[in-house]
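Dropping model.pdb in here (PDB, C-alpha atoms):
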MODEL        1
ATOM      1  CA  MET A1155      94.880  -8.992 163.238
ATOM      2  CA  ASP A1156      91.143  -8.409 162.772
ATOM      3  CA  GLU A1157      91.910  -5.324 160.697
ATOM      4  CA  ILE A1158      94.666  -7.061 158.739
ATOM      5  CA  ALA A1159      92.321  -9.980 158.019
ATOM      6  CA  ASN A1160      90.232  -7.598 155.886
ATOM      7  CA  ALA A1161      93.050  -5.561 154.340
ATOM      8  CA  THR A1162      93.922  -5.110 150.682
ATOM      9  CA  ILE A1163      97.181  -6.881 149.763
ATOM     10  CA  ALA A1164      99.250  -6.177 146.658
ATOM     11  CA  GLY A1165     102.264  -8.005 145.279
ATOM     12  CA  ILE A1166     100.954 -11.569 145.161
ATOM     13  CA  TYR A1167      99.056 -11.365 141.864
ATOM     14  CA  ASP A1168      99.091  -8.745 139.123
ATOM     15  CA  ALA A1169      96.205  -6.940 140.806
ATOM     16  CA  PRO A1170      95.708  -6.332 144.548
ATOM     17  CA  ILE A1171      93.393  -8.692 146.428
ATOM     18  CA  GLN A1172      90.898  -7.987 149.177
ATOM     19  CA  LEU A1173      91.062 -10.313 152.175
ATOM     20  CA  GLN A1174      87.795 -11.207 153.835
ATOM     21  CA  GLY A1175      88.158 -12.821 157.225
ATOM     22  CA  GLY A1176      91.778 -13.601 156.402
ATOM     23  CA  LYS A1177      91.013 -15.350 153.090
ATOM     24  CA  TYR A1178      90.773 -14.656 149.381
ATOM     25  CA  GLU A1179      89.399 -16.866 146.623
ATOM     26  CA  GLY A1180      89.502 -15.819 142.971
ATOM     27  CA  GLU A1181      87.602 -17.029 139.948
ATOM     28  CA  PRO A1182      88.485 -20.452 138.436
ATOM     29  CA  PHE A1183      91.183 -20.336 135.768
ATOM     30  CA  GLU A1184      88.865 -22.243 133.418
ATOM     31  CA  PRO A1185      85.046 -22.040 133.346
ATOM     32  CA  GLN A1186      83.685 -24.632 135.790
ATOM     33  CA  GLY A1187      87.298 -25.578 136.584
ATOM     34  CA  ALA A1188      88.507 -26.832 139.955
ATOM     35  CA  SER A1189      91.682 -24.724 140.046
ATOM     36  CA  PHE A1190      91.467 -21.160 141.290
ATOM     37  CA  PRO A1191      93.745 -18.708 143.119
ATOM     38  CA  ARG A1192      93.585 -18.818 146.917
ATOM     39  CA  VAL A1193      95.346 -16.796 149.598
ATOM     40  CA  GLY A1194      95.167 -17.142 153.366
ATOM     41  CA  LEU A1195      96.499 -15.148 156.318
ATOM     42  CA  ILE A1196      98.517 -17.179 158.839
ATOM     43  CA  GLU A1197      96.839 -15.755 161.912
ATOM     44  CA  GLU A1198      99.374 -17.137 164.416
ATOM     45  CA  PHE A1199     102.204 -15.113 162.840
ATOM     46  CA  LEU A1200     102.651 -11.423 163.688
ATOM     47  CA  LEU A1201     105.774  -9.304 164.072
ATOM     48  CA  THR A1202     105.748  -5.630 165.052
ATOM     49  CA  GLY A1203     108.472  -3.006 165.057
ATOM     50  CA  ASP A1204     109.319   0.512 163.907
ATOM     51  CA  MET A1205     110.979  -0.445 160.635
ATOM     52  CA  ASP A1206     111.027   2.991 158.993
ATOM     53  CA  GLY A1207     112.170   4.986 162.033
ATOM     54  CA  ASP A1208     109.111   7.256 162.223
ATOM     55  CA  GLY A1209     108.294   6.313 165.822
ATOM     56  CA  VAL A1210     105.251   4.204 164.845
ATOM     57  CA  GLU A1211     105.365   0.430 164.660
ATOM     58  CA  GLU A1212     104.674  -1.475 161.461
ATOM     59  CA  ALA A1213     103.178  -4.971 161.394
ATOM     60  CA  VAL A1214     104.550  -7.904 159.395
ATOM     61  CA  VAL A1215     102.358 -10.900 158.603
ATOM     62  CA  MET A1216     102.719 -14.076 156.578
ATOM     63  CA  LEU A1217     100.321 -15.371 153.926
ATOM     64  CA  TRP A1218     100.116 -18.572 151.913
ATOM     65  CA  GLU A1219      99.114 -18.801 148.251
ATOM     66  CA  SER A1220      97.980 -21.794 146.213
ATOM     67  CA  SER A1221      96.593 -21.991 142.710
ATOM     68  CA  GLY A1222      95.701 -25.665 142.618
ATOM     69  CA  GLY A1223      99.117 -27.198 141.904
ATOM     70  CA  SER A1224     101.443 -29.042 144.254
ATOM     71  CA  GLY A1225     103.147 -25.866 145.433
ATOM     72  CA  THR A1226     102.111 -23.631 148.309
ATOM     73  CA  TYR A1227     103.952 -20.314 148.302
ATOM     74  CA  SER A1228     104.597 -18.141 151.351
ATOM     75  CA  TYR A1229     104.678 -14.328 151.354
ATOM     76  CA  LEU A1230     105.597 -11.595 153.828
ATOM     77  CA  ALA A1231     103.509  -8.431 153.934
ATOM     78  CA  ALA A1232     104.415  -5.260 155.827
ATOM     79  CA  LEU A1233     101.500  -3.051 156.887
ATOM     80  CA  GLY A1234     101.095   0.349 158.500
ATOM     81  CA  ARG A1235      98.436   3.003 158.992
ATOM     82  CA  GLU A1236      97.227   5.882 156.905
ATOM     83  CA  GLY A1237      94.872   7.727 159.187
ATOM     84  CA  SER A1238      92.541   5.111 160.617
ATOM     85  CA  GLU A1239      93.099   2.572 157.817
ATOM     86  CA  VAL A1240      95.520  -0.347 157.732
ATOM     87  CA  VAL A1241      97.455  -0.259 154.464
ATOM     88  CA  ASN A1242      99.841  -2.702 152.788
ATOM     89  CA  ILE A1243     103.273  -1.057 152.493
ATOM     90  CA  ALA A1244     105.170  -3.875 150.759
ATOM     91  CA  THR A1245     104.919  -7.597 149.968
ATOM     92  CA  THR A1246     107.583 -10.134 149.028
ATOM     93  CA  GLU A1247     107.662 -13.836 148.219
ATOM     94  CA  ILE A1248     109.487 -16.184 150.593
ATOM     95  CA  GLY A1249     109.312 -19.432 148.627
ATOM     96  CA  ASP A1250     107.506 -22.692 147.909
ATOM     97  CA  ARG A1251     106.690 -25.079 150.787
ATOM     98  CA  VAL A1252     108.971 -23.207 153.163
ATOM     99  CA  GLN A1253     109.031 -24.250 156.829
ATOM    100  CA  LEU A1254     109.391 -21.417 159.349
ATOM    101  CA  ARG A1255     111.690 -22.053 162.315
ATOM    102  CA  ASP A1256     111.926 -18.531 163.764
ATOM    103  CA  ALA A1257     111.383 -14.871 162.832
ATOM    104  CA  ARG A1258     112.303 -11.416 164.093
ATOM    105  CA  ILE A1259     112.494  -7.719 163.218
ATOM    106  CA  SER A1260     115.878  -6.032 163.625
ATOM    107  CA  GLY A1261     115.848  -2.348 162.737
ATOM    108  CA  ASN A1262     114.435  -2.116 159.221
ATOM    109  CA  ARG A1263     115.125  -5.792 158.559
ATOM    110  CA  ILE A1264     112.924  -8.858 158.716
ATOM    111  CA  GLU A1265     114.892 -12.061 159.325
ATOM    112  CA  LEU A1266     113.462 -15.560 158.908
ATOM    113  CA  ASP A1267     115.087 -18.848 159.901
ATOM    114  CA  ILE A1268     113.595 -21.369 157.490
ATOM    115  CA  VAL A1269     113.861 -24.841 156.030
ATOM    116  CA  GLN A1270     113.690 -24.798 152.234
ATOM    117  CA  ALA A1271     114.483 -27.060 149.302
ATOM    118  CA  GLY A1272     118.211 -27.028 148.600
ATOM    119  CA  PRO A1273     119.839 -27.543 145.181
ATOM    120  CA  GLU A1274     119.616 -31.343 145.479
ATOM    121  CA  ASP A1275     116.236 -31.541 147.271
ATOM    122  CA  ALA A1276     112.866 -32.407 145.822
ATOM    123  CA  GLY A1277     110.170 -29.794 146.393
ATOM    124  CA  CYS A1278     108.303 -32.187 148.674
ATOM    125  CA  CYS A1279     111.206 -32.722 151.021
ATOM    126  CA  PRO A1280     113.130 -29.542 151.910
ATOM    127  CA  GLY A1281     116.446 -30.156 153.630
ATOM    128  CA  GLU A1282     118.322 -26.843 153.640
ATOM    129  CA  MET A1283     118.334 -24.639 156.731
ATOM    130  CA  ALA A1284     118.796 -20.993 155.814
ATOM    131  CA  THR A1285     118.310 -17.493 157.179
ATOM    132  CA  LEU A1286     116.692 -15.039 154.766
ATOM    133  CA  ALA A1287     116.493 -11.274 155.294
ATOM    134  CA  TRP A1288     114.692  -8.318 153.721
ATOM    135  CA  ALA A1289     115.035  -4.591 154.378
ATOM    136  CA  LEU A1290     112.043  -2.258 154.255
ATOM    137  CA  GLU A1291     113.115   0.584 151.966
ATOM    138  CA  GLY A1292     110.302   2.930 151.010
ATOM    139  CA  ASN A1293     107.490   0.773 149.648
ATOM    140  CA  SER A1294     109.663  -2.279 148.975
ATOM    141  CA  LEU A1295     110.949  -5.260 150.918
ATOM    142  CA  ASN A1296     114.348  -5.794 149.315
ATOM    143  CA  PRO A1297     116.369  -8.983 149.892
ATOM    144  CA  VAL A1298     119.652  -8.472 151.756
ATOM    145  CA  GLU A1299     122.417 -10.788 152.913
ATOM    146  CA  SER A1300     121.683 -12.389 156.278
ATOM    147  CA  GLY A1301     125.304 -13.273 156.991
ATOM    148  CA  VAL A1302     124.301 -16.836 157.941
ATOM    149  CA  GLU A1303     125.618 -19.746 155.876
ATOM    150  CA  PRO A1304     123.021 -22.379 154.884
ATOM    151  CA  GLY A1305     123.260 -25.819 156.496
ATOM    152  CA  ARG A1306     121.558 -29.182 156.240
ATOM    153  CA  LEU A1307     118.502 -30.075 158.265
ATOM    154  CA  SER A1308     119.221 -32.456 161.132
ATOM    155  CA  ILE A1309     117.973 -33.130 164.640
ATOM    156  CA  ALA A1310     120.923 -31.049 165.822
ATOM    157  CA  ALA A1311     118.817 -28.063 164.641
ATOM    158  CA  PHE A1312     116.510 -28.387 167.614
ATOM    159  CA  ALA A1313     118.835 -29.940 170.184
ATOM    160  CA  GLY A1314     119.413 -27.775 173.238
ATOM    161  CA  PRO A1315     116.119 -26.079 174.171
ATOM    162  CA  GLU A1316     113.458 -27.997 176.005
ATOM    163  CA  TRP A1317     110.337 -28.365 173.855
ATOM    164  CA  VAL A1318     106.862 -28.171 175.404
ATOM    165  CA  LEU A1319     103.922 -30.065 173.905
ATOM    166  CA  ARG A1320     101.179 -27.682 172.755
ATOM    167  CA  ASN A1321      98.960 -29.977 170.662
ATOM    168  CA  LEU A1322      98.490 -33.740 170.882
ATOM    169  CA  ASP A1323      97.163 -33.603 167.326
ATOM    170  CA  ARG A1324      95.793 -30.999 164.954
ATOM    171  CA  ASN A1325      93.039 -28.989 166.663
ATOM    172  CA  GLU A1326      93.571 -30.897 169.920
ATOM    173  CA  PRO A1327      95.401 -28.698 172.457
ATOM    174  CA  ALA A1328      97.484 -30.381 175.137
ATOM    175  CA  PRO A1329      96.586 -29.557 178.748
ATOM    176  CA  ASP A1330      98.761 -26.980 180.495
ATOM    177  CA  GLU A1331      99.116 -29.276 183.487
ATOM    178  CA  PRO A1332     100.708 -31.702 183.816
ATOM    179  CA  GLU A1333     103.250 -30.408 181.320
ATOM    180  CA  ILE A1334     104.751 -32.704 178.689
ATOM    181  CA  THR A1335     108.278 -31.970 177.508
ATOM    182  CA  LEU A1336     110.835 -33.227 175.005
ATOM    183  CA  LEU A1337     114.613 -32.759 174.882
ATOM    184  CA  PHE A1338     116.952 -33.857 172.074
ATOM    185  CA  GLU A1339     120.611 -34.644 172.691
ATOM    186  CA  GLU A1340     122.478 -36.154 169.745
ATOM    187  CA  ASP A1341     120.689 -39.462 169.007
ATOM    188  CA  ARG A1342     118.705 -39.583 172.232
ATOM    189  CA  ILE A1343     115.525 -37.997 173.555
ATOM    190  CA  ALA A1344     114.190 -37.534 177.065
ATOM    191  CA  GLY A1345     111.456 -35.615 178.806
ATOM    192  CA  GLY A1346     108.455 -35.631 181.069
ATOM    193  CA  SER A1347     105.292 -37.347 179.844
ATOM    194  CA  GLY A1348     102.939 -35.869 182.429
ATOM    195  CA  CYS A1349     103.493 -38.245 185.320
ATOM    196  CA  ASN A1350     106.764 -40.004 184.571
ATOM    197  CA  ARG A1351     110.117 -39.311 182.957
ATOM    198  CA  TYR A1352     110.968 -41.093 179.711
ATOM    199  CA  MET A1353     113.974 -41.624 177.450
ATOM    200  CA  GLY A1354     114.752 -43.274 174.136
ATOM    201  CA  THR A1355     116.731 -43.156 170.913
ATOM    202  CA  VAL A1356     116.066 -41.426 167.577
ATOM    203  CA  THR A1357     117.437 -42.232 164.119
ATOM    204  CA  GLU A1358     117.325 -40.002 161.058
ATOM    205  CA  GLY A1359     116.429 -41.506 157.679
ATOM    206  CA  GLU A1360     117.761 -41.011 154.157
ATOM    207  CA  MET A1361     115.304 -38.274 153.177
ATOM    208  CA  PRO A1362     115.343 -34.883 154.933
ATOM    209  CA  GLY A1363     112.987 -34.946 157.899
ATOM    210  CA  ASP A1364     112.725 -38.743 158.187
ATOM    211  CA  LEU A1365     112.836 -39.838 161.834
ATOM    212  CA  THR A1366     112.401 -43.098 163.731
ATOM    213  CA  VAL A1367     111.875 -43.185 167.487
ATOM    214  CA  GLY A1368     112.924 -46.327 169.349
ATOM    215  CA  LEU A1369     111.003 -47.973 172.170
ATOM    216  CA  LEU A1370     110.769 -45.672 175.167
ATOM    217  CA  ALA A1371     111.839 -46.494 178.703
ATOM    218  CA  GLY A1372     111.088 -44.541 181.841
ATOM    219  CA  THR A1373     109.975 -44.318 185.437
ATOM    220  CA  MET A1374     106.844 -46.100 186.635
ATOM    221  CA  MET A1375     105.106 -43.770 189.077
ATOM    222  CA  ALA A1376     101.324 -43.974 189.438
ATOM    223  CA  CYS A1377      99.181 -40.872 188.874
ATOM    224  CA  PRO A1378      95.430 -40.159 188.500
ATOM    225  CA  PRO A1379      93.802 -42.244 185.720
ATOM    226  CA  GLU A1380      93.196 -39.269 183.406
ATOM    227  CA  VAL A1381      96.877 -38.288 183.617
ATOM    228  CA  MET A1382      98.034 -41.852 182.963
ATOM    229  CA  GLU A1383      95.686 -42.158 179.977
ATOM    230  CA  PHE A1384      97.062 -38.980 178.427
ATOM    231  CA  GLU A1385     100.649 -40.042 179.156
ATOM    232  CA  ASP A1386     100.148 -43.461 177.530
ATOM    233  CA  ARG A1387      98.665 -41.883 174.438
ATOM    234  CA  TYR A1388     101.514 -39.388 174.072
ATOM    235  CA  ARG A1389     104.197 -42.050 174.426
ATOM    236  CA  GLN A1390     102.466 -44.363 171.948
ATOM    237  CA  GLN A1391     102.243 -41.561 169.404
ATOM    238  CA  LEU A1392     105.862 -40.570 169.977
ATOM    239  CA  GLU A1393     106.995 -44.134 169.240
ATOM    240  CA  LYS A1394     105.170 -43.962 165.880
ATOM    241  CA  VAL A1395     106.855 -40.756 164.658
ATOM    242  CA  VAL A1396     108.057 -40.933 161.043
ATOM    243  CA  LYS A1397     108.841 -37.289 160.129
ATOM    244  CA  TYR A1398     109.873 -34.017 161.704
ATOM    245  CA  GLY A1399     109.656 -30.458 160.461
ATOM    246  CA  PHE A1400     108.666 -26.923 161.394
ATOM    247  CA  MET A1401     105.544 -24.821 160.946
ATOM    248  CA  ASN A1402     105.157 -21.248 162.155
ATOM    249  CA  ARG A1403     107.956 -21.550 164.718
ATOM    250  CA  GLN A1404     106.688 -24.878 166.055
ATOM    251  CA  LEU A1405     108.424 -28.253 165.916
ATOM    252  CA  ILE A1406     106.115 -30.808 164.283
ATOM    253  CA  LEU A1407     106.562 -34.556 164.794
ATOM    254  CA  SER A1408     104.326 -36.486 162.384
ATOM    255  CA  PHE A1409     103.214 -39.973 163.425
ATOM    256  CA  GLU A1410     101.290 -42.829 161.850
ATOM    257  CA  LYS A1411      97.828 -43.470 163.254
ATOM    258  CA  ASP A1412      96.276 -46.914 163.547
ATOM    259  CA  ASP A1413      93.853 -46.066 160.718
ATOM    260  CA  GLY A1414      96.730 -45.239 158.361
ATOM    261  CA  ASN A1415      96.299 -41.470 158.564
ATOM    262  CA  ILE A1416      99.026 -39.099 159.756
ATOM    263  CA  GLY A1417      98.779 -37.175 163.012
ATOM    264  CA  ALA A1418     101.056 -34.474 164.375
ATOM    265  CA  LEU A1419     102.531 -33.515 167.733
ATOM    266  CA  PHE A1420     103.141 -29.749 168.052
ATOM    267  CA  PHE A1421     105.908 -28.352 170.302
ATOM    268  CA  THR A1422     107.247 -24.888 171.068
ATOM    269  CA  PRO A1423     110.633 -24.149 172.683
ATOM    270  CA  ARG A1424     110.511 -23.200 176.329
ATOM    271  CA  GLN A1425     111.079 -19.489 176.699
ATOM    272  CA  ILE A1426     113.564 -18.024 179.171
ATOM    273  CA  GLY A1427     111.825 -17.610 182.514
ATOM    274  CA  GLU A1428     108.920 -19.869 181.545
TER
ENDMDL
END
Before anything else, please render the file you have as structure tokens.
Amino acid sequence: MDEIANATIAGIYDAPIQLQGGKYEGEPFEPQGASFPRVGLIEEFLLTGDMDGDGVEEAVVMLWESSGGSGTYSYLAALGREGSEVVNIATTEIGDRVQLRDARISGNRIELDIVQAGPEDAGCCPGEMATLAWALEGNSLNPVESGVEPGRLSIAAFAGPEWVLRNLDRNEPAPDEPEITLLFEEDRIAGGSGCNRYMGTVTEGEMPGDLTVGLLAGTMMACPPEVMEFEDRYRQQLEKVVKYGFMNRQLILSFEKDDGNIGALFFTPRQIGE
């Protein structure tokens, strides 16, 4: 990723761009203007696989692009090596304000499970679950049929696996122990909040991603003060959730803070054997 963060990427603008530390900033569109082209590497996303069958793995990364408007576009870039240098093989656009649920390489194909704006959705509020696929053919990533029919976003999309809390808020990692978990089953949730078990109800709203969490009930065991403090904070934040969505294969539950700002709880699905 350190090498990719300083690679040259083509296919986003008319001319290739040079990343520096995973970022690119162009000149303003108007002299002294506030709008200018920007690109950033999503450092948490990396897929590897031998997509061209030559016995050497390629890397696939994701980048975001914004030029000052309301849209933020996502791109996939495939990279390989020429001698000792990392080179951009192909780049393709994914879409505007796309939420990534999962990703994988299968043979010469890249497959993404995403949430995107459907035909009846506003750009701000995507509500269509889809699987997109591209095949690496020469120096191109060409779209191909995924074979998966689109569906509507609902909490059924993440029912089943147990979700593990990774961040209590942006840039605030959750402790590894005691573990905090979340499980969805129809209109109910349950899990472990560090010391105790909890349960409650959830209700979806009219707009895609709207979510209300009812008052939580649970066991009443006593644990060390620092564990109880963390548990109380998590449960209070969970009861204030107003939206759900996905970002780089994480489930995001957005909640209202006391100061009126929006915070976010970050979860990842528990892996087999974890």
When you look at Gly1225 (chain A) with a cut-off of 10 Å (counting all atoms listed in the file), what residues show up, excluding the ones that are within fewer than 3 positions of it in the same chain? I need them as a ChimeraX atom specification. /A:1219-1222,1228,1249-1251,1277-1278
Which residues are close to region 1358-1371 of chain A, i.e. within 8 Å by only C-alpha atoms, leaving aside same-chain residues fewer than 2 positions away? Reply as an MDAnalysis selection string. chainID A and resid 1279:1281 1307:1309 1352:1356 1373 1389 1392:1399
Taken to one decimal, the CA of Ala1328 (chain A)-CA of Glu1198 (chain A) distance is 17.1 Å
Answer key for the PyMOL selection byres ((chain A and resi 1414-1428) around 8), residues as a VMD selection string: chain A and resid 1315 to 1324 1403 to 1413
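Across the model, the gap from CA of Leu1295 (chain A) to CA of Thr1246 (chain A) is 6.2 Å.
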Mind rebuilding region 1312-1323 of chain A with N, CA and C atoms and writing that out as a PDB file, in the coordinates of the input?
ATOM      1  N   PHE A1312     117.379 -28.707 166.479  1.00  0.00           N
ATOM      2  CA  PHE A1312     116.510 -28.387 167.614  1.00  0.00           C
ATOM      3  C   PHE A1312     116.990 -29.056 168.894  1.00  0.00           C
ATOM      4  N   ALA A1313     118.250 -29.481 168.928  1.00  0.00           N
ATOM      5  CA  ALA A1313     118.835 -29.940 170.184  1.00  0.00           C
ATOM      6  C   ALA A1313     119.176 -28.725 171.038  1.00  0.00           C
ATOM      7  N   GLY A1314     119.065 -28.871 172.329  1.00  0.00           N
ATOM      8  CA  GLY A1314     119.413 -27.775 173.238  1.00  0.00           C
ATOM      9  C   GLY A1314     118.221 -27.282 174.024  1.00  0.00           C
ATOM     10  N   PRO A1315     117.260 -26.559 173.377  1.00  0.00           N
ATOM     11  CA  PRO A1315     116.119 -26.079 174.171  1.00  0.00           C
ATOM     12  C   PRO A1315     115.186 -27.224 174.545  1.00  0.00           C
ATOM     13  N   GLU A1316     114.496 -27.040 175.635  1.00  0.00           N
ATOM     14  CA  GLU A1316     113.458 -27.997 176.005  1.00  0.00           C
ATOM     15  C   GLU A1316     112.182 -27.619 175.263  1.00  0.00           C
ATOM     16  N   TRP A1317     111.557 -28.592 174.626  1.00  0.00           N
ATOM     17  CA  TRP A1317     110.337 -28.365 173.855  1.00  0.00           C
ATOM     18  C   TRP A1317     109.130 -28.762 174.684  1.00  0.00           C
ATOM     19  N   VAL A1318     108.082 -27.951 174.624  1.00  0.00           N
ATOM     20  CA  VAL A1318     106.862 -28.171 175.404  1.00  0.00           C
ATOM     21  C   VAL A1318     105.732 -28.531 174.457  1.00  0.00           C
ATOM     22  N   LEU A1319     105.029 -29.620 174.750  1.00  0.00           N
ATOM     23  CA  LEU A1319     103.922 -30.065 173.905  1.00  0.00           C
ATOM     24  C   LEU A1319     102.766 -29.074 173.984  1.00  0.00           C
ATOM     25  N   ARG A1320     102.301 -28.605 172.822  1.00  0.00           N
ATOM     26  CA  ARG A1320     101.179 -27.682 172.755  1.00  0.00           C
ATOM     27  C   ARG A1320      99.921 -28.335 172.181  1.00  0.00           C
ATOM     28  N   ASN A1321     100.104 -29.274 171.239  1.00  0.00           N
ATOM     29  CA  ASN A1321      98.960 -29.977 170.662  1.00  0.00           C
ATOM     30  C   ASN A1321      99.280 -31.456 170.559  1.00  0.00           C
ATOM     31  N   LEU A1322      98.344 -32.298 170.999  1.00  0.00           N
ATOM     32  CA  LEU A1322      98.490 -33.740 170.882  1.00  0.00           C
ATOM     33  C   LEU A1322      98.182 -34.207 169.466  1.00  0.00           C
ATOM     34  N   ASP A1323      97.453 -33.393 168.739  1.00  0.00           N
ATOM     35  CA  ASP A1323      97.163 -33.603 167.326  1.00  0.00           C
ATOM     36  C   ASP A1323      96.595 -32.292 166.795  1.00  0.00           C
TER      37      ASP A1323
END
